[in-house]
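Engineer: Can you read through this structure? Questions will come right after.
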Amino acid sequence: MSIGIGLTVTLRVRMGAHDAHYAGELVDGARLLALFGDVATELLIRLDGDEGLFRAYEAIEFLAPVRAGDYIEATGVITKVGASSRAMAFEARKVVTSLRSPDLSVSAADALAEPVVVCRAVGTCVVPKDLQRKPRLVLPALSAPPPGHAQLPEPRPIITPPPHIIVTPPSSELILTAAIVGAETTRQQTKWLPITAQEIADEAARCREAGASVIHLHVRNPDGSPTQSRERFAEVIEAIRTKTDCVIQVTTGGAVGMSGEERAQPLACRPEMATLNCGTINFGDDVFVNSRKLIRDLAQRIRAAGSVMELECYEVGHIDEVNALVKEGVITSPLHFQFVLGVPGGIGAREDVVRFMASQIPAGASWAVAAVGRHQRPMTELAMRLGGHARVGLEDNIYLDKGVLAEGSAPLVARAAEYARGIGREIVEPSRARSLLGITA
Ligand code: KMH
Ligand code: ZN
């Protein structure tokens, strides 16, 4: 990875009366962009020893109003370092708000427990090669607090913590996974669900075209019911292989109620990748059983098949189970987590959950989000902003918009890919996905 990627700086500034430009003491968007300009300048000084120049914004979103008296925290992160270009992502958050309530004093204000994101942007700066002085990351000022700083007198002032995961990733590369079949989605719910080997292969190829590099695969009997039949997996994998080069990740979760023996069958195809479900949860009205014994048994079988695991975590405690498996030597790094959010009975699909789960995984592990139903779009977009990978598709969500069925998984992949490009993430081809995931020939 190039030096500088992931470097983050944050400024906190009060918006004064002189910043209010519009009616209602509203601060203009250009003021927020000026903050991003200052953040970008500090990033360039730390990386190149030069203030550089802002060349272009590729995307800007204004998300909430800012008024005089608000305190704004502006964070920027370097996402890509070229010969002279430096791509960056920015986020501005309101951490203090002036209250403006007729029942309160005009000076009443609140420090926000949950900061409000007011603006996001992606842009590119340039430092010409001959101006790059290469002081390269003068970091101590960012990290080490002055001596004695930690011993503040009680009660401590409440200081909103800066975002503890950087707003955009240490690497801009993004793996998009398409979950195109699943076990629970039915033809009654959507006619776009692929069932035959040909339909599944066609859909895999469409998803690849739209930006997916991994296909999360379940298969069905001709009547549409879920099966883990080895023969059926072999047939479908062969059909997909004739049409596209995506990584094929088979399920060992199958459908609720299946035995471990049944669930392990696709491993006989020696797939490149397979899921390992890391704990038991209520799954809607059913129970998805993954006893500790079964998890260990499937993990051994996945290893024996030579497949790379994706670790499906539906709860925070499932991450602790993964840590136990690593300690026992049952699984080894590099680890790839999939946070499956919003299953009724599992952990909810919320921003704080994504941030917390991402903060709990071992260093060097990668993570992705798969969220159910209406949560799919906002949670996968959040994951992309926070540096994770993302999974979309009919297994988890059948709608493109409220009440509008997605015509297969490909439109969901295409929309996720468009979003990713807009925030500066680089969607990887299957060959690059293989090397990021540690899949060898
Ligand atoms: N069908 C769910 C009960 C996986 O693919 O590994 C389990 C599942 C997980 O879909
Ligand atoms: Zn699945």
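Residues are referred to by chain and number: the chain letter is A, B, ... according to the order shown in the structure tokens, the number counts from 1 in that chain, and ligands are numbered separately from 1 in the order shown.
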Got a sec to check which residues lie within 6 Å of ligand 1, using only C-alpha atoms and all ligand atoms, and send them as an mmCIF file with N, CA and C atoms, in the first residue's frame?
Structural biologist:
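Listed below is the output, part_32.cif:
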data_model
loop_
_atom_site.group_PDB
_atom_site.id
_atom_site.type_symbol
_atom_site.label_atom_id
_atom_site.label_comp_id
_atom_site.auth_asym_id
_atom_site.auth_seq_id
_atom_site.Cartn_x
_atom_site.Cartn_y
_atom_site.Cartn_z
ATOM 1 N N GLY A 182 -29.873 -17.341 -2.516
ATOM 2 C CA GLY A 182 -30.332 -17.487 -1.137
ATOM 3 C C GLY A 182 -31.137 -18.761 -0.937
ATOM 4 N N ALA A 183 -31.663 -18.897 0.275
ATOM 5 C CA ALA A 183 -32.448 -20.093 0.589
ATOM 6 C C ALA A 183 -33.880 -19.744 0.949
ATOM 7 N N THR A 251 -22.334 -21.606 -0.020
ATOM 8 C CA THR A 251 -22.867 -21.528 1.333
ATOM 9 C C THR A 251 -22.645 -22.844 2.066
ATOM 10 N N THR A 252 -22.236 -22.758 3.335
ATOM 11 C CA THR A 252 -22.351 -23.947 4.190
ATOM 12 C C THR A 252 -23.423 -23.668 5.249
ATOM 13 N N GLY A 253 -24.164 -22.575 5.051
ATOM 14 C CA GLY A 253 -25.279 -22.271 5.943
ATOM 15 C C GLY A 253 -26.547 -22.966 5.468
ATOM 16 N N GLY A 254 -26.648 -23.091 4.138
ATOM 17 C CA GLY A 254 -27.837 -23.736 3.573
ATOM 18 C C GLY A 254 -29.104 -23.028 3.997
ATOM 19 N N ALA A 255 -30.090 -23.820 4.395
ATOM 20 C CA ALA A 255 -31.354 -23.263 4.875
ATOM 21 C C ALA A 255 -31.563 -23.737 6.308
ATOM 22 N N VAL A 256 -32.360 -22.984 7.079
ATOM 23 C CA VAL A 256 -32.594 -23.383 8.472
ATOM 24 C C VAL A 256 -33.181 -24.794 8.509
ATOM 25 N N THR A 275 -18.735 -20.130 3.086
ATOM 26 C CA THR A 275 -19.092 -19.386 4.294
ATOM 27 C C THR A 275 -18.944 -20.286 5.518
ATOM 28 N N ASN A 277 -20.650 -19.996 9.286
ATOM 29 C CA ASN A 277 -21.578 -19.241 10.135
ATOM 30 C C ASN A 277 -21.143 -19.398 11.581
ATOM 31 N N PHE A 288 -31.571 -20.699 13.547
ATOM 32 C CA PHE A 288 -30.471 -21.095 12.660
ATOM 33 C C PHE A 288 -29.374 -21.643 13.572
#
Engineer: Write out as a count of residues only all residues of region 4-205 of chain A that backbone DSSP assigns to helix (DSSP H, G or I).
Structural biologist: 42
Engineer: Just want the 9 Å neighbourhood of Thr196 (chain A), counted on only C-alpha atoms, with same-chain residues fewer than 6 positions away dropped. Output as number ranges by chain.
Structural biologist: A: 219-222, 224, 236
Engineer: Go ahead and save the residues from that selection, with C-alpha atoms, as a compact mmCIF listing (two decimals), in the first residue's frame.
Structural biologist:
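Contents of out-v2.txt, freshly written:
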# COMPACT_ATOMS: atom_id res chain seq x y z
CA VAL A 219 -28.80 -23.60 -5.26
CA ARG A 220 -32.36 -24.87 -5.64
CA ASN A 221 -34.25 -27.98 -6.64
CA PRO A 222 -36.32 -27.68 -9.83
CA GLY A 224 -37.55 -23.92 -6.15
CA VAL A 236 -24.45 -24.80 -11.22
Engineer: Kindly give the distance, in Å, that separates CA of Asp297 (chain A) and CA of Gly257 (chain A), rounded to a single decimal.
Structural biologist: 17.1 Å
Engineer: Output as a ChimeraX atom specification all residues of region 175-335 of chain A that backbone DSSP marks as strand (DSSP E or B).
Structural biologist: /A:176-179,214-217,219-220,226-227,247-250,273-277,281-283,286-288,308-313
Engineer: Tell me which of A:Arg86, A:Arg263, A:Arg355, A:Lys402 sits closest to ligand 2, counting only C-alpha atoms and all ligand atoms.
Structural biologist: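 When distances to ligand 2 are compared using only C-alpha atoms and all ligand atoms, the smallest one comes from A:Arg263.
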Engineer: Pick out the residues sitting within 10 Å of region 300-305 of chain A, and hand them over as a ChimeraX atom specification; count only C-alpha atoms, and ignore anything fewer than 5 positions along from it in its own chain.
Structural biologist: /A:252,264-276,294-295,330-332
Engineer: Using only C-alpha atoms and all ligand atoms, find the one residue out of A:Lys327, A:Arg187, A:His218, A:Arg377 that sits nearest to ligand 2.
Structural biologist: A:His218
Engineer: Of the candidates A:Val322, A:Ile347, A:Val428, A:Ala178, which shows the shortest atom-to-atom distance to ligand 2, using only C-alpha atoms and all ligand atoms?
Structural biologist: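 Result for the nearest residue to ligand 2: A:Ala178.
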Engineer: Determine, counting only C-alpha atoms, which protein, DNA and RNA residues have an atom within 10 Å of an atom of Trp367 (chain A); residues of the same chain fewer than 4 positions away are not included. Present the result as a PDB file with N, CA and C atoms, in the first residue's frame.
Structural biologist:
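Now in part34.pdb:
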ATOM      1  N   ILE A 175     -14.504  -4.963  -2.748  1.00  0.00           N
ATOM      2  CA  ILE A 175     -15.045  -6.218  -3.277  1.00  0.00           C
ATOM      3  C   ILE A 175     -16.561  -6.156  -3.150  1.00  0.00           C
ATOM      4  N   GLU A 310     -15.395 -17.248   4.471  1.00  0.00           N
ATOM      5  CA  GLU A 310     -15.983 -15.964   4.838  1.00  0.00           C
ATOM      6  C   GLU A 310     -16.737 -16.201   6.135  1.00  0.00           C
ATOM      7  N   LEU A 311     -16.474 -15.354   7.135  1.00  0.00           N
ATOM      8  CA  LEU A 311     -16.994 -15.572   8.482  1.00  0.00           C
ATOM      9  C   LEU A 311     -18.282 -14.769   8.652  1.00  0.00           C
ATOM     10  N   GLU A 312     -19.417 -15.457   8.692  1.00  0.00           N
ATOM     11  CA  GLU A 312     -20.716 -14.785   8.767  1.00  0.00           C
ATOM     12  C   GLU A 312     -21.059 -14.519  10.231  1.00  0.00           C
ATOM     13  N   LEU A 335      -8.354 -13.109   7.837  1.00  0.00           N
ATOM     14  CA  LEU A 335      -9.771 -13.358   8.136  1.00  0.00           C
ATOM     15  C   LEU A 335     -10.649 -12.398   7.319  1.00  0.00           C
ATOM     16  N   HIS A 336     -11.770 -12.930   6.863  1.00  0.00           N
ATOM     17  CA  HIS A 336     -12.716 -12.095   6.111  1.00  0.00           C
ATOM     18  C   HIS A 336     -14.085 -12.221   6.775  1.00  0.00           C
ATOM     19  N   PHE A 337     -14.536 -11.107   7.327  1.00  0.00           N
ATOM     20  CA  PHE A 337     -15.810 -11.109   8.051  1.00  0.00           C
ATOM     21  C   PHE A 337     -16.933 -10.598   7.159  1.00  0.00           C
ATOM     22  N   GLN A 338     -18.112 -11.165   7.353  1.00  0.00           N
ATOM     23  CA  GLN A 338     -19.335 -10.623   6.757  1.00  0.00           C
ATOM     24  C   GLN A 338     -20.274 -10.331   7.924  1.00  0.00           C
ATOM     25  N   PHE A 339     -20.594  -9.060   8.144  1.00  0.00           N
ATOM     26  CA  PHE A 339     -21.554  -8.720   9.196  1.00  0.00           C
ATOM     27  C   PHE A 339     -22.948  -8.779   8.571  1.00  0.00           C
ATOM     28  N   VAL A 354     -22.414  -1.197  12.941  1.00  0.00           N
ATOM     29  CA  VAL A 354     -21.356  -1.408  11.935  1.00  0.00           C
ATOM     30  C   VAL A 354     -20.027  -0.893  12.485  1.00  0.00           C
ATOM     31  N   MET A 357     -18.824  -3.263  15.332  1.00  0.00           N
ATOM     32  CA  MET A 357     -18.346  -4.571  14.862  1.00  0.00           C
ATOM     33  C   MET A 357     -17.011  -4.417  14.123  1.00  0.00           C
ATOM     34  N   ALA A 358     -16.929  -3.363  13.301  1.00  0.00           N
ATOM     35  CA  ALA A 358     -15.672  -3.167  12.556  1.00  0.00           C
ATOM     36  C   ALA A 358     -14.510  -2.877  13.495  1.00  0.00           C
ATOM     37  N   ILE A 361     -12.841  -6.457  15.182  1.00  0.00           N
ATOM     38  CA  ILE A 361     -12.176  -7.563  14.471  1.00  0.00           C
ATOM     39  C   ILE A 361     -10.660  -7.399  14.555  1.00  0.00           C
ATOM     40  N   ALA A 383     -21.059   0.921   4.852  1.00  0.00           N
ATOM     41  CA  ALA A 383     -19.866   0.064   4.886  1.00  0.00           C
ATOM     42  C   ALA A 383     -18.836   0.559   3.870  1.00  0.00           C
ATOM     43  N   GLY A 387     -14.979   1.877   4.786  1.00  0.00           N
ATOM     44  CA  GLY A 387     -13.798   1.079   4.439  1.00  0.00           C
ATOM     45  C   GLY A 387     -14.062  -0.404   4.338  1.00  0.00           C
ATOM     46  N   GLY A 388     -15.326  -0.804   4.494  1.00  0.00           N
ATOM     47  CA  GLY A 388     -15.643  -2.222   4.372  1.00  0.00           C
ATOM     48  C   GLY A 388     -15.979  -2.590   2.931  1.00  0.00           C
ATOM     49  N   HIS A 389     -16.215  -3.870   2.745  1.00  0.00           N
ATOM     50  CA  HIS A 389     -16.722  -4.349   1.464  1.00  0.00           C
ATOM     51  C   HIS A 389     -18.242  -4.503   1.597  1.00  0.00           C
ATOM     52  N   ALA A 390     -18.904  -4.924   0.521  1.00  0.00           N
ATOM     53  CA  ALA A 390     -20.362  -4.936   0.593  1.00  0.00           C
ATOM     54  C   ALA A 390     -20.959  -6.096  -0.193  1.00  0.00           C
TER      55      ALA A 390
END
Engineer: Quick one: of A:Gly76, A:Gly422, A:Gly306, A:Gly393, who's nearest to ligand 2, counting only C-alpha atoms and all ligand atoms?
Structural biologist: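 Of all the options, A:Gly393 lies closest to ligand 2.
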